[in-house]
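One file, my_file_17.csv, carrying CSV, C-alpha atoms:
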```
chain,number,residue,atom,x,y,z
V,163,TRP,CA,50.2,74.1,136.4
V,164,ILE,CA,53.3,75.8,137.7
V,165,THR,CA,55.6,78.3,136.0
V,166,ASN,CA,58.8,79.9,137.2
V,167,THR,CA,60.9,82.9,136.1
V,168,THR,CA,64.3,83.3,137.7
V,169,LYS,CA,66.9,86.0,137.0
V,170,VAL,CA,70.4,86.4,138.4
V,171,ALA,CA,72.4,89.6,137.7
V,172,TRP,CA,75.5,91.5,138.6
V,173,ILE,CA,75.8,95.3,138.1
V,174,PHE,CA,78.9,97.4,138.4
V,175,GLU,CA,79.1,101.2,138.3
V,176,ASP,CA,82.1,103.4,138.1
V,177,GLN,CA,81.3,107.1,138.1
V,178,THR,CA,83.5,110.1,138.1
V,179,ASN,CA,82.2,113.6,138.6
V,180,ALA,CA,84.6,116.5,138.1
V,181,TYR,CA,83.7,120.1,138.8
V,182,LEU,CA,85.6,123.4,138.2
V,183,SER,CA,84.4,126.9,138.9
V,184,ALA,CA,85.6,130.5,139.3
V,185,TYR,CA,83.6,133.3,140.9
V,186,ALA,CA,84.1,137.0,140.2
V,187,PRO,CA,81.8,139.9,141.3
V,188,ALA,CA,81.7,141.3,137.7
V,189,LEU,CA,83.0,141.1,134.2
V,190,SER,CA,85.6,143.6,132.9
V,191,ILE,CA,84.1,143.2,129.4
V,192,PRO,CA,80.2,143.1,129.6
V,193,LYS,CA,78.5,140.1,128.1
V,194,VAL,CA,81.7,138.0,127.7
V,195,PRO,CA,81.3,135.1,130.1
V,196,GLU,CA,84.9,133.9,130.1
V,197,PHE,CA,87.4,133.6,133.0
V,198,THR,CA,89.8,136.0,131.3
V,199,ALA,CA,87.1,138.7,131.3
V,200,ALA,CA,86.6,138.5,135.1
V,201,LEU,CA,87.1,141.8,136.9
V,202,GLN,CA,90.5,142.0,138.7
V,203,ASP,CA,89.5,143.8,141.9
V,204,PRO,CA,91.7,143.2,145.0
V,205,ALA,CA,88.8,144.0,147.2
V,206,TYR,CA,86.8,141.2,145.7
V,207,PRO,CA,89.3,138.6,144.5
V,208,ILE,CA,88.4,135.8,142.1
V,209,GLN,CA,87.3,132.7,144.0
V,210,PRO,CA,88.2,129.4,142.4
V,211,GLY,CA,86.6,126.1,143.2
V,212,SER,CA,86.9,122.4,142.2
V,213,TYR,CA,86.2,118.9,143.3
V,214,THR,CA,86.5,115.3,141.9
V,215,GLN,CA,84.1,112.6,143.1
V,216,ILE,CA,84.7,108.9,142.3
V,217,THR,CA,81.9,106.5,143.2
V,218,ARG,CA,82.0,102.7,142.6
V,219,ASN,CA,79.0,100.5,143.3
V,220,GLN,CA,78.5,96.8,142.8
V,221,ASP,CA,75.1,95.0,143.1
V,222,THR,CA,74.5,91.2,142.9
V,223,PHE,CA,70.9,90.0,143.1
V,224,GLY,CA,68.6,87.1,142.3
V,225,VAL,CA,64.9,87.2,141.9
V,226,THR,CA,62.5,84.3,141.3
V,227,THR,CA,58.7,84.2,140.7
V,228,PHE,CA,56.5,81.1,140.9
V,229,THR,CA,52.9,81.1,139.5
V,230,ILE,CA,50.8,78.0,140.6
V,231,LYS,CA,47.6,77.1,138.8
V,232,ASP,CA,47.3,80.7,137.6
V,233,ARG,CA,46.1,81.5,141.1
V,234,TYR,CA,49.0,81.7,143.5
V,235,ILE,CA,52.0,84.0,142.9
V,236,PHE,CA,55.1,83.8,145.0
V,237,ASP,CA,58.0,86.2,144.5
V,238,ALA,CA,61.4,86.4,146.3
V,239,LEU,CA,64.5,88.6,145.9
V,240,ILE,CA,67.8,88.7,147.6
V,241,ARG,CA,70.4,91.5,146.9
V,242,ARG,CA,73.9,92.4,148.0
V,243,ASP,CA,74.8,96.1,147.7
V,244,GLU,CA,78.4,97.2,147.9
V,245,SER,CA,79.4,100.8,147.5
V,246,SER,CA,82.3,103.2,148.1
V,247,LEU,CA,79.8,105.6,149.6
V,248,PHE,CA,79.6,103.4,152.7
V,249,GLY,CA,82.1,103.7,155.5
V,250,ALA,CA,85.4,101.9,154.9
V,251,ALA,CA,84.4,99.3,157.6
V,252,ARG,CA,80.9,98.9,156.2
V,253,ARG,CA,81.3,98.4,152.5
V,254,GLY,CA,78.4,95.9,152.0
V,255,ALA,CA,74.7,95.5,152.9
V,256,ASP,CA,72.1,92.8,152.2
V,257,TYR,CA,68.4,93.2,151.4
V,258,GLN,CA,65.5,90.9,150.8
V,259,ARG,CA,61.9,90.9,149.5
V,260,LEU,CA,59.1,88.3,149.8
V,261,SER,CA,55.6,88.7,148.3
V,262,PHE,CA,52.5,86.6,147.8
V,263,ALA,CA,49.4,87.2,145.7
V,264,TYR,CA,46.2,85.1,145.5
V,265,ARG,CA,43.7,85.5,142.6
V,266,LEU,CA,40.6,84.9,144.7
V,267,SER,CA,38.2,85.2,141.8
V,268,GLN,CA,39.7,82.1,140.2
V,269,ASP,CA,38.2,79.9,143.0
V,270,PHE,CA,35.2,81.9,144.0
V,271,ARG,CA,32.7,83.3,141.6
V,272,ILE,CA,31.4,86.7,142.8
V,273,PRO,CA,28.6,88.3,140.8
V,274,GLY,CA,29.8,91.4,139.0
V,275,VAL,CA,33.5,90.8,139.9
V,276,ASP,CA,35.8,90.2,137.0
V,277,GLU,CA,39.0,89.9,139.0
V,278,LEU,CA,39.9,90.0,142.7
V,279,LYS,CA,43.4,89.6,143.8
V,280,VAL,CA,44.7,90.0,147.4
V,281,ARG,CA,48.4,90.5,148.0
V,282,ALA,CA,51.0,90.9,150.8
V,283,SER,CA,54.7,91.7,150.8
V,284,TYR,CA,57.7,92.3,153.0
V,285,GLY,CA,60.9,93.9,151.9
V,286,THR,CA,64.0,95.7,153.0
V,287,ALA,CA,66.0,98.4,151.2
V,288,GLY,CA,68.7,100.9,151.8
V,289,LEU,CA,69.5,104.6,151.3
V,290,ARG,CA,73.1,105.4,150.5
V,291,PRO,CA,75.0,108.3,152.2
V,292,GLN,CA,76.0,111.3,150.3
V,293,TRP,CA,79.5,111.2,148.8
V,294,ASP,CA,81.5,113.1,151.4
V,295,ALA,CA,79.6,111.8,154.5
V,296,GLN,CA,82.3,109.2,155.5
V,297,TYR,CA,85.3,111.6,155.1
V,298,GLU,CA,87.0,114.2,157.2
V,299,VAL,CA,86.3,117.7,156.0
V,300,PHE,CA,88.6,120.7,156.5
V,301,ALA,CA,88.1,124.4,155.8
V,302,PRO,CA,90.9,126.7,154.7
V,303,GLY,CA,93.2,127.4,157.5
V,304,PRO,CA,93.2,124.5,158.0
V,305,GLN,CA,90.1,124.2,160.2
V,306,LYS,CA,88.6,120.9,161.2
V,307,VAL,CA,84.9,120.8,160.3
V,308,THR,CA,83.5,117.2,159.9
V,309,LEU,CA,84.9,114.1,161.6
V,310,GLY,CA,85.2,111.1,159.4
V,311,ASN,CA,83.1,108.0,160.1
V,312,PRO,CA,84.4,104.6,158.7
V,313,ASP,CA,81.4,102.9,160.3
V,314,LEU,CA,78.7,104.8,158.4
V,315,LYS,CA,76.0,102.5,157.0
V,316,PRO,CA,73.2,103.0,154.6
V,317,ALA,CA,69.8,103.8,156.2
V,318,TYR,CA,67.9,100.5,156.5
V,319,SER,CA,64.1,100.4,155.6
V,320,ARG,CA,61.7,97.6,156.4
V,321,GLU,CA,58.3,97.7,154.8
V,322,GLN,CA,55.1,95.6,155.1
V,323,GLU,CA,52.4,96.0,152.5
V,324,PHE,CA,48.9,94.6,152.2
V,325,GLY,CA,46.3,95.3,149.6
V,326,PHE,CA,43.9,94.1,146.9
V,327,ASN,CA,43.1,94.8,143.2
V,328,LEU,CA,39.4,94.6,142.2
V,329,ASN,CA,38.0,94.8,138.6
V,330,PHE,CA,34.2,94.8,138.4
V,331,LEU,CA,31.4,95.3,136.0
V,332,HIS,CA,33.9,95.2,133.1
V,333,ASN,CA,34.6,99.0,133.3
V,334,PHE,CA,35.6,99.7,137.0
V,335,THR,CA,38.7,99.1,139.1
V,336,ILE,CA,39.6,99.7,142.8
V,337,ASP,CA,43.1,99.3,144.1
V,338,TYR,CA,44.0,99.6,147.8
V,339,SER,CA,47.3,99.3,149.6
V,340,TYR,CA,48.3,99.7,153.3
V,341,SER,CA,52.0,100.2,154.1
V,342,ASN,CA,53.9,100.1,157.4
V,343,LYS,CA,57.4,101.3,156.9
V,344,ILE,CA,60.2,101.7,159.5
V,345,THR,CA,63.6,103.2,158.5
V,346,SER,CA,66.4,102.9,161.0
V,347,ASP,CA,70.0,104.1,160.9
V,348,GLN,CA,68.9,107.4,159.4
V,349,ILE,CA,71.9,109.4,158.2
V,350,MET,CA,72.2,112.7,160.1
V,351,GLN,CA,74.8,115.3,160.7
V,352,VAL,CA,75.2,115.7,164.4
V,353,PRO,CA,77.4,117.8,166.7
V,354,VAL,CA,80.4,116.2,168.3
V,355,SER,CA,82.4,116.9,171.5
V,356,ALA,CA,84.7,119.9,171.3
V,357,ALA,CA,87.5,117.6,172.5
V,358,THR,CA,87.6,116.0,169.1
V,359,GLY,CA,88.6,119.3,167.5
V,360,TYR,CA,85.7,118.9,164.9
V,361,GLN,CA,82.3,120.5,164.7
V,362,ASN,CA,80.1,117.7,163.5
V,363,GLU,CA,79.9,114.1,162.1
V,364,TRP,CA,77.6,112.1,159.8
V,365,LYS,CA,76.2,109.2,161.8
V,366,ASN,CA,73.4,106.6,161.7
V,367,ALA,CA,71.4,108.3,164.4
V,368,ALA,CA,67.6,108.1,164.1
V,369,THR,CA,64.6,106.0,163.2
V,370,LEU,CA,61.6,107.1,161.2
V,371,ALA,CA,58.3,105.2,161.1
V,372,GLY,CA,55.2,105.8,159.0
V,373,GLN,CA,52.0,104.2,157.8
V,374,THR,CA,50.1,105.0,154.6
V,375,HIS,CA,46.8,104.1,153.0
V,376,GLU,CA,46.5,104.4,149.2
V,377,ILE,CA,43.4,103.9,147.2
V,378,SER,CA,42.5,104.5,143.6
V,379,PHE,CA,39.3,104.2,141.5
V,380,GLY,CA,39.2,103.9,137.8
V,381,ALA,CA,36.3,103.9,135.4
V,382,VAL,CA,35.9,103.5,131.6
V,383,LEU,CA,33.3,106.1,130.7
V,384,VAL,CA,33.4,105.6,126.9
V,385,SER,CA,35.2,102.9,124.9
V,386,LYS,CA,34.8,102.9,121.1
V,387,LYS,CA,37.0,101.9,118.2
V,388,ASP,CA,38.3,105.4,117.7
V,389,PHE,CA,37.5,107.0,121.1
V,390,PHE,CA,38.4,106.2,124.7
V,391,TRP,CA,37.5,108.2,127.8
V,392,GLY,CA,38.5,107.1,131.2
V,393,LEU,CA,38.4,108.5,134.8
V,394,ASN,CA,41.0,107.9,137.5
V,395,ILE,CA,40.8,109.2,141.1
V,396,SER,CA,43.4,108.4,143.7
V,397,GLY,CA,44.2,109.4,147.3
V,398,ASP,CA,46.4,108.6,150.2
```
Before we go any further, please render this structure as structure tokens.
Amino acid sequence: WITNTTKVAWIFEDQTNAYLSAYAPALSIPKVPEFTAALQDPAYPIQPGSYTQITRNQDTFGVTTFTIKDRYIFDALIRRDESSLFGAARRGADYQRLSFAYRLSQDFRIPGVDELKVRASYGTAGLRPQWDAQYEVFAPGPQKVTLGNPDLKPAYSREQEFGFNLNFLHNFTIDYSYSNKITSDQIMQVPVSAATGYQNEWKNAATLAGQTHEISFGAVLVSKKDFFWGLNISGD
């Protein structure tokens, strides 16, 4: 009368992106797209460019799902996210998810209803900064541009969701979800005091909140051995 599925996993990512470029206003030999064919014009010198980006991520998570009497479904997840994209003083972040679903139609017989399930969930998640956000950035000169931020954290999202799934008259479905999401510590590039010598800095500086309603309707118009025709309409 009770079943459980549990999974524990560890994921490691090591990624290196290397980029090399050279820009010239024209080619000395038309239709030969090679560096040696670039036009040598002192007024418009060739502009080289390159970068190397190394990113390392490590995720450890555990997820478990309990199904009781084929009616009640409980799900829980916990995750530890560690990334070189975070500031040096903020290398790790923790996230969780809890959800519950109840197959109401298993206990209450409703005429015309094949399946009715209500559900609710609460979860947290993060958004990693871009690669160079934590570092100091200089322009040729050298000129100070971006102040480094060792305390830069991932943006942190908290979301509550409620909804239901309804199958009725064998050929029709209605799915509805309501979501309330708040994302704090948004990652933004903001100006800094001229006393620092820099122009800007990436910081966790804002909060964004939103609510959404999503609904979809599905219908099986024709269902035969060699032909199927269905209709789906959704909106939010």
10 Å contact set for Arg253 (chain V), all atoms listed in the file, chain neighbours under 5 positions out, as a ChimeraX atom specification: /V:219,243-248,312-316
As a count of residues only, please: the residues near region 375-388 of chain V (cut-off 8 Å, all atoms listed in the file, same-chain neighbours under 3 positions excluded). 17
Counting all atoms listed in the file, which residue out of V:Ile216, V:Ala199, V:Ala287, V:Ile272 sits closest to Gln322 (chain V)? V:Ala287
Who sits within 10 Å of Glu323 (chain V), all atoms listed in the file, same chain under 6 positions skipped, as a VMD selection string: chain V and resid 261 281 to 285 339 to 343 373 to 375
Nearby residues (all atoms listed in the file) at most 10 Å from Leu189 (chain V), same-chain spacing under 5 positions excluded, as a PyMOL selection string: chain V and resi 194-202
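Interatomic distance, CA of Glu175 (chain V) to CA of Phe223 (chain V): 14.7 Å.
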Would you mind completing region 283-298 of chain V so that it carries N, CA, C and O atoms, and writing it out as a PDB file, keeping the file's coordinate frame?
```
ATOM      1  N   SER V 283      53.290  91.689 151.042  1.00  0.00           N
ATOM      2  CA  SER V 283      54.700  91.700 150.800  1.00  0.00           C
ATOM      3  C   SER V 283      55.498  92.222 151.960  1.00  0.00           C
ATOM      4  O   SER V 283      54.972  92.997 152.762  1.00  0.00           O
ATOM      5  N   TYR V 284      56.748  91.786 152.035  1.00  0.00           N
ATOM      6  CA  TYR V 284      57.700  92.300 153.000  1.00  0.00           C
ATOM      7  C   TYR V 284      59.024  92.488 152.368  1.00  0.00           C
ATOM      8  O   TYR V 284      59.508  91.582 151.661  1.00  0.00           O
ATOM      9  N   GLY V 285      59.629  93.633 152.558  1.00  0.00           N
ATOM     10  CA  GLY V 285      60.900  93.900 151.900  1.00  0.00           C
ATOM     11  C   GLY V 285      61.778  94.825 152.680  1.00  0.00           C
ATOM     12  O   GLY V 285      61.312  95.580 153.544  1.00  0.00           O
ATOM     13  N   THR V 286      63.063  94.781 152.376  1.00  0.00           N
ATOM     14  CA  THR V 286      64.000  95.700 153.000  1.00  0.00           C
ATOM     15  C   THR V 286      64.779  96.413 151.870  1.00  0.00           C
ATOM     16  O   THR V 286      64.919  95.904 150.753  1.00  0.00           O
ATOM     17  N   ALA V 287      65.252  97.601 152.180  1.00  0.00           N
ATOM     18  CA  ALA V 287      66.000  98.400 151.200  1.00  0.00           C
ATOM     19  C   ALA V 287      66.901  99.360 151.944  1.00  0.00           C
ATOM     20  O   ALA V 287      66.811  99.515 153.170  1.00  0.00           O
ATOM     21  N   GLY V 288      67.789 100.016 151.203  1.00  0.00           N
ATOM     22  CA  GLY V 288      68.700 100.900 151.800  1.00  0.00           C
ATOM     23  C   GLY V 288      68.817 102.253 151.112  1.00  0.00           C
ATOM     24  O   GLY V 288      68.462 102.381 149.943  1.00  0.00           O
ATOM     25  N   LEU V 289      69.297 103.257 151.838  1.00  0.00           N
ATOM     26  CA  LEU V 289      69.500 104.600 151.300  1.00  0.00           C
ATOM     27  C   LEU V 289      70.975 104.949 151.485  1.00  0.00           C
ATOM     28  O   LEU V 289      71.468 105.034 152.614  1.00  0.00           O
ATOM     29  N   ARG V 290      71.693 105.136 150.385  1.00  0.00           N
ATOM     30  CA  ARG V 290      73.100 105.400 150.500  1.00  0.00           C
ATOM     31  C   ARG V 290      73.435 106.782 151.011  1.00  0.00           C
ATOM     32  O   ARG V 290      72.702 107.733 150.749  1.00  0.00           O
ATOM     33  N   PRO V 291      74.542 106.933 151.740  1.00  0.00           N
ATOM     34  CA  PRO V 291      75.000 108.300 152.200  1.00  0.00           C
ATOM     35  C   PRO V 291      75.407 109.131 151.048  1.00  0.00           C
ATOM     36  O   PRO V 291      75.699 108.636 149.951  1.00  0.00           O
ATOM     37  N   GLN V 292      75.475 110.430 151.282  1.00  0.00           N
ATOM     38  CA  GLN V 292      76.000 111.300 150.300  1.00  0.00           C
ATOM     39  C   GLN V 292      77.540 111.106 150.175  1.00  0.00           C
ATOM     40  O   GLN V 292      78.165 110.516 151.073  1.00  0.00           O
ATOM     41  N   TRP V 293      78.141 111.621 149.106  1.00  0.00           N
ATOM     42  CA  TRP V 293      79.500 111.200 148.800  1.00  0.00           C
ATOM     43  C   TRP V 293      80.513 111.539 149.879  1.00  0.00           C
ATOM     44  O   TRP V 293      81.392 110.724 150.180  1.00  0.00           O
ATOM     45  N   ASP V 294      80.442 112.730 150.493  1.00  0.00           N
ATOM     46  CA  ASP V 294      81.500 113.100 151.400  1.00  0.00           C
ATOM     47  C   ASP V 294      81.162 112.795 152.889  1.00  0.00           C
ATOM     48  O   ASP V 294      81.917 113.170 153.793  1.00  0.00           O
ATOM     49  N   ALA V 295      80.059 112.057 153.147  1.00  0.00           N
ATOM     50  CA  ALA V 295      79.600 111.800 154.500  1.00  0.00           C
ATOM     51  C   ALA V 295      80.627 111.034 155.353  1.00  0.00           C
ATOM     52  O   ALA V 295      80.734 111.220 156.570  1.00  0.00           O
ATOM     53  N   GLN V 296      81.363 110.118 154.732  1.00  0.00           N
ATOM     54  CA  GLN V 296      82.300 109.200 155.500  1.00  0.00           C
ATOM     55  C   GLN V 296      83.640 109.884 155.734  1.00  0.00           C
ATOM     56  O   GLN V 296      84.426 109.373 156.542  1.00  0.00           O
ATOM     57  N   TYR V 297      83.935 110.997 155.053  1.00  0.00           N
ATOM     58  CA  TYR V 297      85.300 111.600 155.100  1.00  0.00           C
ATOM     59  C   TYR V 297      85.432 112.707 156.080  1.00  0.00           C
ATOM     60  O   TYR V 297      84.458 113.374 156.433  1.00  0.00           O
ATOM     61  N   GLU V 298      86.698 112.955 156.466  1.00  0.00           N
ATOM     62  CA  GLU V 298      87.000 114.200 157.200  1.00  0.00           C
ATOM     63  C   GLU V 298      86.959 115.364 156.285  1.00  0.00           C
ATOM     64  O   GLU V 298      87.400 115.287 155.140  1.00  0.00           O
TER      65      GLU V 298
END
```
